[in-house]
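This report concerns only the one structure given below.
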Amino acid sequence: MNHGLIAAMAQAGETAESLAAQVGVDPKTAQRWVSRGRIPRPQRRSQLATILGRDVEDLWPDVLKRREPVWFRPWVEIEREAVALRGFQLAWVPGLLQTEAYARATVEGEGLSPSEIDELAATRLARQAILRRHGGPLYVAVIDEGVLRRARPGDRALMAAQVEYLVECAQLPSVQIHIVPASAGMYPGFGGPFTLAELPDAARVAYVDSQAQAQILEQGADLVTLERRWERIRGEALSRSQSLDLLREAAAAWT
């Protein structure tokens with residue numbers, strides 16, 4: 001429970017319902033901030049701190065201890081709150097499904113120090129807890145087959161372990177993995193990766209990454225475009241059982 005928030009609410013004479021009304025969220029969302037210690041999104045934190053007459057750091061001190069890069073923290077908070085996540089990856093195994101060795105391999109060669117690589121890999125693995133927690137989100141991942149076939153020289157064992165881990169994750173009740181086979185040829189996924197999140201209050205947001213920067217999109221027109229793109233990409237992917245067969249074949253091919 002968030003004891004700091006509870007104390008501040010009591011002093012200000014506020015309840016989860018009254019806070020929800022003032023910041024424009026579903027009361028159930030506000031109750032999660034209190035009873036489950038969920039951290040609101042940055043804009044909500046600022047609104048709540050103003051209403052309660054406290055500093056954000058007093059209400060959510062753990063925010064300052066987070067290991068994620070500052071620019072990525074808003075999305076990590078969205079992942080933790082989401083009831084459903086749908087993501088497409090063209091070039092990498094999705095971060096929520098990576099092994100430690102694979103996570104490290106994705107950032108090696110970027111001029112980072114060993115400690116920075118350790119930190120980034122640990123942060124990525126920590127995010128995966130949402131897939132195994134009670135009441136976690138449904139996660140639907142669509143991955144291009146090329147991701148399963150690509151590795152640096154000498155990384156066969158790394159890829160074997162990674163694809164075997166995908167086989168394991170694909171059998172979790174909360175995870176669905178679909179592979180777009182190489183036979184699909186050109187398809188809309190060539191435009192790049194993205195993730196769609198659905199929140200408890202039915203709001204939808206998207207995360208789009210690029211070589212230069214990442215963006216969190218909340219505008220209706222942007223989301224409609226990505227929703228349509230998702231449906232077209234998902235239509236090119238194999239079924240869940242067919243994808244699992246392909247994952248097993250790919251894992252065996254690396255050993």
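If you're wondering about the labels, chains in the structure tokens are A, B, ... by order shown, residues count from 1 in each chain, ligands from 1 in order shown.
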
Per residue of stretch 55-136 of chain A within 9 Å of stretch 153-177 of chain A, note the shortest atom pair and the distance in Å to one decimal, counting only C-alpha atoms, and order the rows by chain and increasing residue number, as a Markdown table.
```
| residue | atom | partner | partner_atom | distance |
| --- | --- | --- | --- | --- |
| A:Val93 | CA | A:Gln162 | CA | 8.5 |
| A:Leu97 | CA | A:Leu166 | CA | 6.6 |
| A:Gln98 | CA | A:Gln162 | CA | 6.7 |
| A:Thr99 | CA | A:Gln162 | CA | 5.8 |
| A:Glu100 | CA | A:Gln162 | CA | 8.9 |
| A:Ala101 | CA | A:Leu158 | CA | 6.6 |
| A:Tyr102 | CA | A:Leu158 | CA | 6.7 |
| A:Leu131 | CA | A:Ser174 | CA | 6.5 |
| A:Arg132 | CA | A:Ser174 | CA | 7.7 |
| A:Gly136 | CA | A:Ser174 | CA | 7.4 |
```

Exercise. Extract the full set of helix (DSSP H, G or I) residues from stretch 63-239 of chain A according to DSSP on the backbone, and format it as JSON, numbers by chain.
Key: {"A": [63, 64, 65, 70, 71, 72, 73, 74, 75, 76, 77, 78, 79, 80, 81, 95, 96, 97, 100, 101, 102, 103, 104, 105, 106, 107, 114, 115, 116, 117, 118, 119, 120, 121, 122, 123, 124, 125, 126, 127, 128, 129, 130, 131, 145, 146, 147, 148, 149, 156, 157, 158, 159, 160, 161, 162, 163, 164, 165, 166, 167, 168, 169, 182, 183, 184, 188, 189, 190, 191, 220, 221, 222, 223, 224, 225, 226, 227, 228, 229, 230, 231, 232, 233, 234, 235, 236]}

For stretch 155-225 of chain A versus stretch 34-48 of chain A, which residues have an atom no more than 12 Å away, and what is each residue's nearest atom pair and distance in Å rounded to one decimal, using only C-alpha atoms, chain-then-number order, as a Markdown table?
```
| residue | atom | partner | partner_atom | distance |
| --- | --- | --- | --- | --- |
| A:Leu199 | CA | A:Arg41 | CA | 11.3 |
| A:Val205 | CA | A:Arg41 | CA | 12.0 |
| A:Ile216 | CA | A:Arg41 | CA | 12.0 |
```

If you keep C-alpha atoms, can you produce a file of those selected residues as a PDB file, in the first residue's frame?
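Writing the result to result_35.pdb gives the following:
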```
ATOM      1  CA  LEU A 199      -5.396   1.062 -19.451  1.00  0.00           C
ATOM      2  CA  VAL A 205      -1.793   4.963 -25.620  1.00  0.00           C
ATOM      3  CA  ILE A 216       4.319   8.070 -26.359  1.00  0.00           C
TER       4      ILE A 216
END
```

Self-check item: Shortest interatomic distance to A:Asp26 - which of A:Leu226, A:Ala212, A:Ala203, A:Leu148, counting only C-alpha atoms
Solution: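 Going through A:Leu226, A:Ala212, A:Ala203, A:Leu148 one by one, the smallest distance to A:Asp26 is for A:Ala203.
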
Exercise. Find the residue from A:Thr50, A:Gln89, A:Thr15, A:Asn2 that sits nearest to A:Ile233; use only C-alpha atoms when measuring.
Key: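 Result for the nearest residue to A:Ile233: A:Gln89.
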
Quiz item: Smallest atom-to-atom distance to A:Leu59: which of A:Trp33, A:Phe190, A:Trp254, A:Phe88, using only C-alpha atoms?
Solution: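 Ranking A:Trp33, A:Phe190, A:Trp254, A:Phe88 by distance to A:Leu59, first place goes to A:Trp33.
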
Self-check item: strand (DSSP E) per DSSP on the backbone: members of stretch 68-106 of chain A, as a list in words
Solution: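 Matching residues for strand (DSSP E) in stretch 68-106 of chain A are Ala84, Leu85, Arg86, Gly87, Phe88 and Gln89 of chain A.
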
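Separating atom CA of A:Tyr207 from atom CA of A:Ala251 is a distance of 28.9 Å.
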
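In terms of minimum interatomic distance to A:Arg248, A:Ile179 ranks closest within A:Val224, A:Leu96, A:Ile179, A:Ala214, counting only C-alpha atoms.
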
Self-check item: atom CA of A:Glu236 to atom CA of A:Val180, distance in Å rounded to a single decimal
Solution: 5.9 Å

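One distance worth recording is that between atom CA of A:Ser18 and atom CA of A:Pro200, which is 17.7 Å.
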